[in-house]
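> Provided below: input-v8.pdb, containing PDB, C-alpha atoms, pLDDT in the B column.
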```
ATOM      1  CA  GLU L   1       0.000   0.000   0.000  1.00 46.00           C
ATOM      2  CA  THR L   2       1.854   3.060  -1.263  1.00 52.00           C
ATOM      3  CA  GLY L   3      -0.849   5.593  -0.511  1.00 87.00           C
ATOM      4  CA  VAL L   4      -0.512   7.068  -4.001  1.00 94.00           C
ATOM      5  CA  THR L   5      -3.562   6.605  -6.204  1.00 95.00           C
ATOM      6  CA  GLN L   6      -4.001   7.442  -9.879  1.00 96.00           C
ATOM      7  CA  SER L   7      -7.148   7.820 -11.910  1.00 96.00           C
ATOM      8  CA  PRO L   8      -8.397   6.635 -14.237  1.00 97.00           C
ATOM      9  CA  THR L   9      -6.633   3.287 -14.583  1.00 95.00           C
ATOM     10  CA  HIS L  10      -7.296   3.066 -18.306  1.00 96.00           C
ATOM     11  CA  LEU L  11      -8.289   5.649 -20.881  1.00 96.00           C
ATOM     12  CA  ILE L  12      -8.851   5.675 -24.629  1.00 98.00           C
ATOM     13  CA  LYS L  13      -8.667   8.975 -26.511  1.00 98.00           C
ATOM     14  CA  THR L  14      -8.624  10.072 -30.124  1.00 98.00           C
ATOM     15  CA  ARG L  15      -5.707  11.876 -31.754  1.00 98.00           C
ATOM     16  CA  GLY L  16      -6.020  15.649 -31.283  1.00 98.00           C
ATOM     17  CA  GLN L  17      -8.047  15.418 -28.083  1.00 98.00           C
ATOM     18  CA  GLN L  18      -6.960  16.602 -24.649  1.00 98.00           C
ATOM     19  CA  VAL L  19      -6.615  14.449 -21.529  1.00 98.00           C
ATOM     20  CA  THR L  20      -6.241  15.044 -17.788  1.00 98.00           C
ATOM     21  CA  LEU L  21      -4.730  12.389 -15.548  1.00 98.00           C
ATOM     22  CA  ARG L  22      -4.923  12.630 -11.778  1.00 98.00           C
ATOM     23  CA  CYS L  23      -2.715  11.598  -8.886  1.00 97.00           C
ATOM     24  CA  SER L  24      -3.482  11.695  -5.186  1.00 96.00           C
ATOM     25  CA  SER L  25      -0.420  11.617  -2.955  1.00 92.00           C
ATOM     26  CA  GLN L  26       0.090  10.860   0.705  1.00 88.00           C
ATOM     27  CA  SER L  27      -0.282  13.685   3.186  1.00 87.00           C
ATOM     28  CA  GLY L  28       3.024  15.484   3.665  1.00 89.00           C
ATOM     29  CA  HIS L  29       4.404  14.509   0.258  1.00 91.00           C
ATOM     30  CA  ASN L  30       5.364  17.931  -1.049  1.00 91.00           C
ATOM     31  CA  THR L  31       7.084  16.670  -4.193  1.00 93.00           C
ATOM     32  CA  VAL L  32       5.337  14.904  -7.064  1.00 95.00           C
ATOM     33  CA  SER L  33       6.809  13.793 -10.356  1.00 96.00           C
ATOM     34  CA  TRP L  34       5.257  12.358 -13.512  1.00 98.00           C
ATOM     35  CA  TYR L  35       6.660   9.810 -15.916  1.00 97.00           C
ATOM     36  CA  GLN L  36       5.769   8.320 -19.299  1.00 97.00           C
ATOM     37  CA  GLN L  37       6.545   4.658 -19.922  1.00 95.00           C
ATOM     38  CA  ALA L  38       6.118   3.262 -23.415  1.00 93.00           C
ATOM     39  CA  LEU L  39       5.640  -0.478 -23.780  1.00 89.00           C
ATOM     40  CA  GLY L  40       8.891  -2.349 -23.188  1.00 86.00           C
ATOM     41  CA  GLN L  41      10.804   0.787 -22.238  1.00 89.00           C
ATOM     42  CA  GLY L  42      11.990   2.384 -19.026  1.00 91.00           C
ATOM     43  CA  PRO L  43      10.082   5.373 -17.659  1.00 94.00           C
ATOM     44  CA  GLN L  44      10.901   8.859 -18.941  1.00 96.00           C
ATOM     45  CA  PHE L  45      10.750  11.864 -16.648  1.00 97.00           C
ATOM     46  CA  ILE L  46       8.124  14.445 -17.667  1.00 98.00           C
ATOM     47  CA  PHE L  47       8.279  16.981 -14.838  1.00 97.00           C
ATOM     48  CA  GLN L  48       8.402  17.516 -11.096  1.00 95.00           C
ATOM     49  CA  TYR L  49       6.440  19.825  -8.805  1.00 94.00           C
ATOM     50  CA  TYR L  50       7.428  21.001  -5.352  1.00 92.00           C
ATOM     51  CA  ARG L  51       4.875  22.904  -3.291  1.00 91.00           C
ATOM     52  CA  GLU L  52       2.784  23.724  -6.373  1.00 92.00           C
ATOM     53  CA  GLU L  53       5.681  25.026  -8.459  1.00 94.00           C
ATOM     54  CA  GLU L  54       7.298  23.145 -11.364  1.00 94.00           C
ATOM     55  CA  ASN L  55      10.972  22.728 -10.482  1.00 92.00           C
ATOM     56  CA  GLY L  56      12.207  20.238 -13.048  1.00 93.00           C
ATOM     57  CA  ARG L  57      11.256  19.163 -16.535  1.00 96.00           C
ATOM     58  CA  GLY L  58      12.358  16.451 -18.905  1.00 95.00           C
ATOM     59  CA  ASN L  59      12.464  16.544 -22.684  1.00 94.00           C
ATOM     60  CA  PHE L  60       8.726  16.878 -23.269  1.00 97.00           C
ATOM     61  CA  PRO L  61       6.961  19.565 -25.327  1.00 97.00           C
ATOM     62  CA  PRO L  62       4.826  22.291 -23.722  1.00 97.00           C
ATOM     63  CA  ARG L  63       1.601  20.442 -24.571  1.00 98.00           C
ATOM     64  CA  PHE L  64       2.469  18.349 -21.515  1.00 98.00           C
ATOM     65  CA  SER L  65       1.584  20.484 -18.508  1.00 97.00           C
ATOM     66  CA  GLY L  66       0.796  19.935 -14.879  1.00 96.00           C
ATOM     67  CA  LEU L  67      -0.638  21.272 -11.692  1.00 96.00           C
ATOM     68  CA  GLN L  68      -0.084  20.451  -8.044  1.00 96.00           C
ATOM     69  CA  PHE L  69      -2.673  21.385  -5.426  1.00 94.00           C
ATOM     70  CA  PRO L  70      -2.353  22.134  -1.694  1.00 92.00           C
ATOM     71  CA  ASN L  71      -4.251  18.930  -0.835  1.00 89.00           C
ATOM     72  CA  TYR L  72      -1.357  16.793  -2.217  1.00 88.00           C
ATOM     73  CA  SER L  73      -3.178  15.976  -5.438  1.00 94.00           C
ATOM     74  CA  SER L  74      -1.809  16.731  -8.879  1.00 97.00           C
ATOM     75  CA  GLU L  75      -2.739  16.598 -12.557  1.00 97.00           C
ATOM     76  CA  LEU L  76      -0.998  15.867 -15.813  1.00 98.00           C
ATOM     77  CA  ASN L  77      -2.616  17.505 -18.837  1.00 98.00           C
ATOM     78  CA  VAL L  78      -1.752  16.566 -22.395  1.00 98.00           C
ATOM     79  CA  ASN L  79      -3.097  18.635 -25.278  1.00 97.00           C
ATOM     80  CA  ALA L  80      -3.317  17.743 -28.958  1.00 98.00           C
ATOM     81  CA  LEU L  81      -2.822  14.040 -28.333  1.00 98.00           C
ATOM     82  CA  GLU L  82      -0.611  12.126 -30.737  1.00 98.00           C
ATOM     83  CA  LEU L  83      -0.487   8.379 -31.367  1.00 97.00           C
ATOM     84  CA  ASP L  84       2.978   8.239 -29.738  1.00 96.00           C
ATOM     85  CA  ASP L  85       1.481   9.526 -26.488  1.00 98.00           C
ATOM     86  CA  SER L  86       0.047   6.040 -25.952  1.00 97.00           C
ATOM     87  CA  ALA L  87       1.833   4.816 -22.817  1.00 97.00           C
ATOM     88  CA  LEU L  88       1.599   4.111 -19.115  1.00 96.00           C
ATOM     89  CA  TYR L  89       1.694   7.356 -17.141  1.00 97.00           C
ATOM     90  CA  LEU L  90       3.039   7.107 -13.627  1.00 97.00           C
ATOM     91  CA  CYS L  91       3.159   9.595 -10.814  1.00 96.00           C
ATOM     92  CA  ALA L  92       5.423   9.358  -7.789  1.00 95.00           C
ATOM     93  CA  SER L  93       5.439  11.415  -4.643  1.00 94.00           C
ATOM     94  CA  ARG L  94       7.820  11.934  -1.732  1.00 92.00           C
ATOM     95  CA  THR L  95       8.215  14.190   1.253  1.00 89.00           C
ATOM     96  CA  ASP L  96      11.217  15.996  -0.223  1.00 81.00           C
ATOM     97  CA  THR L  97      13.898  15.483  -2.845  1.00 75.00           C
ATOM     98  CA  GLY L  98      15.997  13.420  -0.430  1.00 80.00           C
ATOM     99  CA  SER L  99      13.325  10.794   0.178  1.00 87.00           C
ATOM    100  CA  PRO L 100      12.382   7.559  -1.594  1.00 90.00           C
ATOM    101  CA  LEU L 101       9.776   7.640  -4.356  1.00 93.00           C
ATOM    102  CA  HIS L 102       6.275   6.264  -3.823  1.00 94.00           C
ATOM    103  CA  PHE L 103       4.641   5.341  -7.115  1.00 95.00           C
ATOM    104  CA  GLY L 104       1.018   5.045  -8.091  1.00 94.00           C
ATOM    105  CA  ASN L 105      -0.128   2.115 -10.237  1.00 93.00           C
ATOM    106  CA  GLY L 106      -0.356   4.280 -13.325  1.00 95.00           C
ATOM    107  CA  THR L 107      -2.856   5.256 -15.973  1.00 96.00           C
ATOM    108  CA  ARG L 108      -2.672   3.420 -19.271  1.00 96.00           C
ATOM    109  CA  LEU L 109      -3.517   5.840 -22.075  1.00 98.00           C
ATOM    110  CA  THR L 110      -4.315   4.632 -25.564  1.00 97.00           C
ATOM    111  CA  VAL L 111      -4.545   7.186 -28.374  1.00 98.00           C
ATOM    112  CA  THR L 112      -6.297   6.004 -31.533  1.00 97.00           C
TER     113      THR L 112
ATOM    114  CA  LYS F   1      23.944   7.934 -25.643  1.00 67.00           C
ATOM    115  CA  ASN F   2      21.745   7.048 -22.665  1.00 87.00           C
ATOM    116  CA  GLU F   3      22.579   8.654 -19.356  1.00 94.00           C
ATOM    117  CA  VAL F   4      21.850   5.337 -17.581  1.00 96.00           C
ATOM    118  CA  GLU F   5      22.882   1.925 -18.855  1.00 96.00           C
ATOM    119  CA  GLN F   6      21.805  -1.341 -17.268  1.00 96.00           C
ATOM    120  CA  SER F   7      23.039  -4.865 -17.788  1.00 95.00           C
ATOM    121  CA  PRO F   8      22.009  -7.472 -18.457  1.00 97.00           C
ATOM    122  CA  GLN F   9      18.744  -6.684 -20.283  1.00 95.00           C
ATOM    123  CA  ASN F  10      17.361 -10.134 -19.554  1.00 96.00           C
ATOM    124  CA  LEU F  11      18.340 -12.642 -16.905  1.00 97.00           C
ATOM    125  CA  THR F  12      17.096 -16.148 -16.166  1.00 97.00           C
ATOM    126  CA  ALA F  13      18.207 -17.844 -12.953  1.00 97.00           C
ATOM    127  CA  GLN F  14      17.488 -21.003 -11.043  1.00 97.00           C
ATOM    128  CA  GLU F  15      15.882 -20.638  -7.648  1.00 97.00           C
ATOM    129  CA  GLY F  16      18.563 -20.112  -5.013  1.00 97.00           C
ATOM    130  CA  GLU F  17      21.114 -18.485  -7.288  1.00 97.00           C
ATOM    131  CA  PHE F  18      22.934 -15.252  -6.456  1.00 98.00           C
ATOM    132  CA  ILE F  19      21.980 -12.501  -8.917  1.00 97.00           C
ATOM    133  CA  THR F  20      23.719  -9.261  -9.831  1.00 98.00           C
ATOM    134  CA  ILE F  21      22.293  -6.438 -11.925  1.00 98.00           C
ATOM    135  CA  ASN F  22      24.565  -3.583 -12.930  1.00 98.00           C
ATOM    136  CA  CYS F  23      23.905   0.093 -13.561  1.00 98.00           C
ATOM    137  CA  SER F  24      26.300   2.684 -14.969  1.00 98.00           C
ATOM    138  CA  TYR F  25      25.530   6.359 -15.350  1.00 97.00           C
ATOM    139  CA  SER F  26      27.211   9.328 -16.976  1.00 96.00           C
ATOM    140  CA  VAL F  27      25.797  12.326 -15.095  1.00 93.00           C
ATOM    141  CA  GLY F  28      26.408  13.842 -11.690  1.00 93.00           C
ATOM    142  CA  ILE F  29      23.782  12.592  -9.292  1.00 93.00           C
ATOM    143  CA  SER F  30      22.236  13.434  -5.957  1.00 92.00           C
ATOM    144  CA  ALA F  31      20.820   9.922  -5.539  1.00 94.00           C
ATOM    145  CA  LEU F  32      20.360   6.593  -7.318  1.00 96.00           C
ATOM    146  CA  HIS F  33      17.179   4.557  -7.050  1.00 97.00           C
ATOM    147  CA  TRP F  34      16.594   0.856  -7.598  1.00 98.00           C
ATOM    148  CA  LEU F  35      13.008   0.091  -8.531  1.00 97.00           C
ATOM    149  CA  GLN F  36      11.038  -3.110  -9.044  1.00 97.00           C
ATOM    150  CA  GLN F  37       8.222  -3.316 -11.577  1.00 96.00           C
ATOM    151  CA  HIS F  38       5.820  -6.249 -11.783  1.00 90.00           C
ATOM    152  CA  PRO F  39       3.608  -7.086 -14.783  1.00 83.00           C
ATOM    153  CA  GLY F  40       0.692  -4.664 -14.801  1.00 77.00           C
ATOM    154  CA  GLY F  41       2.938  -1.686 -14.187  1.00 74.00           C
ATOM    155  CA  GLY F  42       3.149  -1.031 -10.447  1.00 87.00           C
ATOM    156  CA  ILE F  43       6.591   0.203  -9.363  1.00 93.00           C
ATOM    157  CA  VAL F  44       8.040  -0.290  -5.899  1.00 94.00           C
ATOM    158  CA  SER F  45      11.079   1.577  -4.635  1.00 95.00           C
ATOM    159  CA  LEU F  46      13.679  -0.866  -3.331  1.00 96.00           C
ATOM    160  CA  PHE F  47      16.576   1.425  -2.457  1.00 96.00           C
ATOM    161  CA  MET F  48      17.688   5.018  -2.617  1.00 95.00           C
ATOM    162  CA  LEU F  49      21.463   5.436  -2.433  1.00 94.00           C
ATOM    163  CA  SER F  50      23.869   8.328  -2.447  1.00 93.00           C
ATOM    164  CA  SER F  51      26.897   6.412  -1.153  1.00 93.00           C
ATOM    165  CA  GLY F  52      28.047   3.049   0.161  1.00 94.00           C
ATOM    166  CA  LYS F  53      25.813   0.043   0.592  1.00 96.00           C
ATOM    167  CA  LYS F  54      22.305  -0.776   1.776  1.00 96.00           C
ATOM    168  CA  LYS F  55      20.711  -4.112   2.652  1.00 97.00           C
ATOM    169  CA  HIS F  56      17.085  -5.098   2.966  1.00 95.00           C
ATOM    170  CA  GLY F  57      16.357  -8.756   3.499  1.00 96.00           C
ATOM    171  CA  ARG F  58      17.875 -10.688   0.600  1.00 97.00           C
ATOM    172  CA  LEU F  59      18.550  -7.544  -1.413  1.00 97.00           C
ATOM    173  CA  ILE F  60      21.780  -5.573  -1.325  1.00 98.00           C
ATOM    174  CA  ALA F  61      22.546  -2.387  -3.249  1.00 98.00           C
ATOM    175  CA  THR F  62      25.953  -0.782  -3.619  1.00 98.00           C
ATOM    176  CA  ILE F  63      27.146   2.390  -5.288  1.00 97.00           C
ATOM    177  CA  ASN F  64      30.581   3.659  -6.279  1.00 97.00           C
ATOM    178  CA  ILE F  65      30.278   7.396  -6.882  1.00 95.00           C
ATOM    179  CA  GLN F  66      33.797   7.769  -8.324  1.00 95.00           C
ATOM    180  CA  GLU F  67      33.188   5.027 -10.905  1.00 96.00           C
ATOM    181  CA  LYS F  68      29.536   6.052 -11.487  1.00 96.00           C
ATOM    182  CA  HIS F  69      28.387   2.501 -11.017  1.00 97.00           C
ATOM    183  CA  SER F  70      25.846   0.694  -8.877  1.00 98.00           C
ATOM    184  CA  SER F  71      24.921  -2.953  -8.418  1.00 98.00           C
ATOM    185  CA  LEU F  72      21.814  -4.665  -7.119  1.00 98.00           C
ATOM    186  CA  HIS F  73      22.368  -8.135  -5.666  1.00 98.00           C
ATOM    187  CA  ILE F  74      19.717 -10.704  -4.821  1.00 98.00           C
ATOM    188  CA  THR F  75      20.834 -13.553  -2.603  1.00 96.00           C
ATOM    189  CA  ALA F  76      19.010 -16.902  -2.587  1.00 96.00           C
ATOM    190  CA  SER F  77      16.739 -15.856  -5.463  1.00 97.00           C
ATOM    191  CA  HIS F  78      13.105 -16.976  -5.429  1.00 96.00           C
ATOM    192  CA  PRO F  79      10.444 -17.142  -8.172  1.00 96.00           C
ATOM    193  CA  ARG F  80       8.631 -14.216  -6.502  1.00 95.00           C
ATOM    194  CA  ASP F  81      11.690 -12.074  -7.343  1.00 96.00           C
ATOM    195  CA  SER F  82      10.718 -12.343 -11.018  1.00 96.00           C
ATOM    196  CA  ALA F  83      10.128  -8.772 -12.165  1.00 96.00           C
ATOM    197  CA  VAL F  84      11.747  -5.926 -14.074  1.00 97.00           C
ATOM    198  CA  TYR F  85      14.426  -4.089 -12.081  1.00 98.00           C
ATOM    199  CA  ILE F  86      15.034  -0.475 -13.046  1.00 97.00           C
ATOM    200  CA  CYS F  87      17.904   1.807 -12.124  1.00 97.00           C
ATOM    201  CA  ALA F  88      17.130   5.532 -11.993  1.00 97.00           C
ATOM    202  CA  VAL F  89      19.325   8.508 -11.165  1.00 96.00           C
ATOM    203  CA  ASN F  90      18.271  11.857  -9.793  1.00 94.00           C
ATOM    204  CA  THR F  91      20.411  14.830 -10.752  1.00 92.00           C
ATOM    205  CA  GLY F  92      18.503  17.250  -8.546  1.00 81.00           C
ATOM    206  CA  ASN F  93      15.583  18.289 -10.693  1.00 85.00           C
ATOM    207  CA  GLN F  94      15.879  15.604 -13.379  1.00 91.00           C
ATOM    208  CA  PHE F  95      15.475  11.849 -13.438  1.00 95.00           C
ATOM    209  CA  TYR F  96      17.053   9.448 -15.902  1.00 95.00           C
ATOM    210  CA  PHE F  97      16.062   5.796 -16.107  1.00 95.00           C
ATOM    211  CA  GLY F  98      17.656   2.654 -17.414  1.00 95.00           C
ATOM    212  CA  THR F  99      15.642   0.430 -19.711  1.00 93.00           C
ATOM    213  CA  GLY F 100      15.355  -2.222 -17.025  1.00 95.00           C
ATOM    214  CA  THR F 101      16.528  -5.781 -16.419  1.00 97.00           C
ATOM    215  CA  SER F 102      13.880  -8.458 -16.827  1.00 96.00           C
ATOM    216  CA  LEU F 103      14.546 -11.203 -14.265  1.00 97.00           C
ATOM    217  CA  THR F 104      12.935 -14.621 -14.357  1.00 97.00           C
ATOM    218  CA  VAL F 105      13.656 -17.033 -11.527  1.00 97.00           C
ATOM    219  CA  ILE F 106      12.783 -20.635 -12.320  1.00 97.00           C
ATOM    220  CA  PRO F 107      11.748 -23.007  -9.509  1.00 95.00           C
TER     221      PRO F 107
END
```
Could I get this file's structure written as structure tokens?

Amino acid sequence: ETGVTQSPTHLIKTRGQQVTLRCSSQSGHNTVSWYQQALGQGPQFIFQYYREEENGRGNFPPRFSGLQFPNYSSELNVNALELDDSALYLCASRTDTGSPLHFGNGTRLTVT
Amino acid sequence: KNEVEQSPQNLTAQEGEFITINCSYSVGISALHWLQQHPGGGIVSLFMLSSGKKKHGRLIATINIQEKHSSLHITASHPRDSAVYICAVNTGNQFYFGTGTSLTVIP
């Protein structure tokens, strides 16, 4: 039981649409990060938020954006979906940058 | 060139064998993470290291900062250890991941 929950678990969208994925972290986890994992690959870092401010970003275009809320929940928004956005999206939270990561079970997004 | 390289990519072992998975990285790091991923996607954090060695049950993780290398060892492997093991490094505000080592332990 990691205490990190993601919703929805599965999602099917059409190319060009927009999607919002949600993550609920444990109380006290001020840092949340999001990752994209294509089938058969390792995760890729999208971005990190600390106390509602983005403080790190991987090599993803601006159509990937996020929000972190004071209640330890966060969102990943993807605009103008492309077929290559089909992947497992994972969030992970921790109390601070010196703490272990606690992962959610992910949202599997399929873009058709 | 990938910032994190893992070896081997795939590993099959007999139950009871001693297993080593290696991770090399090319960037300056604040911490290295060993993660375990089971089919279905859930990831569990096994270790976070910035120096030395850590042990948890049958699992041991070591890191050599000067050589930019880490190893994950599993002693007395068991079929329930079958999973993908992923090495990830944190450079402060960035994470880089290896492609994972798929381990199968045969009874």
> Can you give me, as a PDB file with C-alpha atoms, in the frame of the given file, the residues this file yields under the PyMOL selection byres ((chain F and resi 6) around 12)?

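Written out: expr-v4.pdb:
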```pdb
ATOM      1  CA  GLY L  42      11.990   2.384 -19.026  1.00 91.00           C
TER       2      GLY L  42
ATOM      3  CA  ASN F   2      21.745   7.048 -22.665  1.00 87.00           C
ATOM      4  CA  GLU F   3      22.579   8.654 -19.356  1.00 94.00           C
ATOM      5  CA  VAL F   4      21.850   5.337 -17.581  1.00 96.00           C
ATOM      6  CA  GLU F   5      22.882   1.925 -18.855  1.00 96.00           C
ATOM      7  CA  SER F   7      23.039  -4.865 -17.788  1.00 95.00           C
ATOM      8  CA  PRO F   8      22.009  -7.472 -18.457  1.00 97.00           C
ATOM      9  CA  GLN F   9      18.744  -6.684 -20.283  1.00 95.00           C
ATOM     10  CA  ASN F  10      17.361 -10.134 -19.554  1.00 96.00           C
ATOM     11  CA  LEU F  11      18.340 -12.642 -16.905  1.00 97.00           C
ATOM     12  CA  THR F  20      23.719  -9.261  -9.831  1.00 98.00           C
ATOM     13  CA  ILE F  21      22.293  -6.438 -11.925  1.00 98.00           C
ATOM     14  CA  ASN F  22      24.565  -3.583 -12.930  1.00 98.00           C
ATOM     15  CA  CYS F  23      23.905   0.093 -13.561  1.00 98.00           C
ATOM     16  CA  SER F  24      26.300   2.684 -14.969  1.00 98.00           C
ATOM     17  CA  TYR F  25      25.530   6.359 -15.350  1.00 97.00           C
ATOM     18  CA  SER F  26      27.211   9.328 -16.976  1.00 96.00           C
ATOM     19  CA  TRP F  34      16.594   0.856  -7.598  1.00 98.00           C
ATOM     20  CA  HIS F  69      28.387   2.501 -11.017  1.00 97.00           C
ATOM     21  CA  SER F  70      25.846   0.694  -8.877  1.00 98.00           C
ATOM     22  CA  SER F  71      24.921  -2.953  -8.418  1.00 98.00           C
ATOM     23  CA  LEU F  72      21.814  -4.665  -7.119  1.00 98.00           C
ATOM     24  CA  VAL F  84      11.747  -5.926 -14.074  1.00 97.00           C
ATOM     25  CA  TYR F  85      14.426  -4.089 -12.081  1.00 98.00           C
ATOM     26  CA  ILE F  86      15.034  -0.475 -13.046  1.00 97.00           C
ATOM     27  CA  CYS F  87      17.904   1.807 -12.124  1.00 97.00           C
ATOM     28  CA  ALA F  88      17.130   5.532 -11.993  1.00 97.00           C
ATOM     29  CA  VAL F  89      19.325   8.508 -11.165  1.00 96.00           C
ATOM     30  CA  TYR F  96      17.053   9.448 -15.902  1.00 95.00           C
ATOM     31  CA  PHE F  97      16.062   5.796 -16.107  1.00 95.00           C
ATOM     32  CA  GLY F  98      17.656   2.654 -17.414  1.00 95.00           C
ATOM     33  CA  THR F  99      15.642   0.430 -19.711  1.00 93.00           C
ATOM     34  CA  GLY F 100      15.355  -2.222 -17.025  1.00 95.00           C
ATOM     35  CA  THR F 101      16.528  -5.781 -16.419  1.00 97.00           C
ATOM     36  CA  SER F 102      13.880  -8.458 -16.827  1.00 96.00           C
TER      37      SER F 102
END
```
> For the structure provided, state which residues fall under the ChimeraX specification (/F :<6) & /L, and present them as a list in words.
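This file, filtered by the ChimeraX specification (/F :<6) & /L, leaves Gln41, Gly42, Phe45, Gly56, Pro100, Phe103 and Asn105 of chain L.
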> Hey, can you check how far CA of Tyr35 (chain L) sits from CA of Pro61 (chain L)?
13.6 Å
> So, counting only C-alpha atoms, which residue among F:Arg80, F:Ile65, F:Leu103, F:Ala13 is closest to Gly28 (chain F)?
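Selected residue with least distance to Gly28 (chain F): F:Ile65.
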> Since I can't run it myself right now, could you work out what the PyMOL selection byres ((chain F and resi 18) around 9) selects here and report it as a count of residues only?
11
> Given the choices L:Gly28, L:Gly40, L:Pro70, L:Gly98, which gets closest to Glu53 (chain L) if the distance is worked out from all atoms listed in the file?
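Among the listed residues, the smallest separation from Glu53 (chain L) belongs to L:Pro70.
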> State, in Å with one decimal place, the distance from CA of Arg15 (chain L) to CA of Leu90 (chain L).
20.7 Å
> Using only C-alpha atoms, pick whichever of F:His78, F:Thr91, F:Ala61, F:Gly52 has the shortest atom-to-atom distance to Ile29 (chain F).
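The closest residue to Ile29 (chain F) is F:Thr91.
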> Would you compute the distance between CA of Asp81 (chain F) and CA of Ser93 (chain L)? Give it in Å to one decimal.
24.5 Å
> Nearest residue to Gln6 (chain L) out of L:Ile46, L:Cys91, L:Leu109, L:Leu39, using all atoms listed in the file?
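Nearest candidate to Gln6 (chain L) out of L:Ile46, L:Cys91, L:Leu109, L:Leu39: L:Cys91.
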> At a cut-off of 10 Å around the point (4.2, 14.0, 0.9) (file coordinates), what residues fall inside when counting only C-alpha atoms? I'd like the answer as a count of residues only.
23
> Which residue is closest to Gln18 (chain L)? Choose from L:Val111, L:Ala38, L:Ala87, L:Leu67 and count all atoms listed in the file.
L:Val111
> Tell me, as a PyMOL selection string, which residues lie within 8 Å of Glu75 (chain L), counting all atoms listed in the file; anything in the same chain fewer than 2 positions away does not count.
chain L and resi 20-23+66-68+73+77
> Quick one: of F:Gln37, F:Val27, F:Val105, F:Ile63, who's nearest to Gly104 (chain L), counting only C-alpha atoms?
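With only C-alpha atoms as the atom set, the closest residue is F:Gln37.
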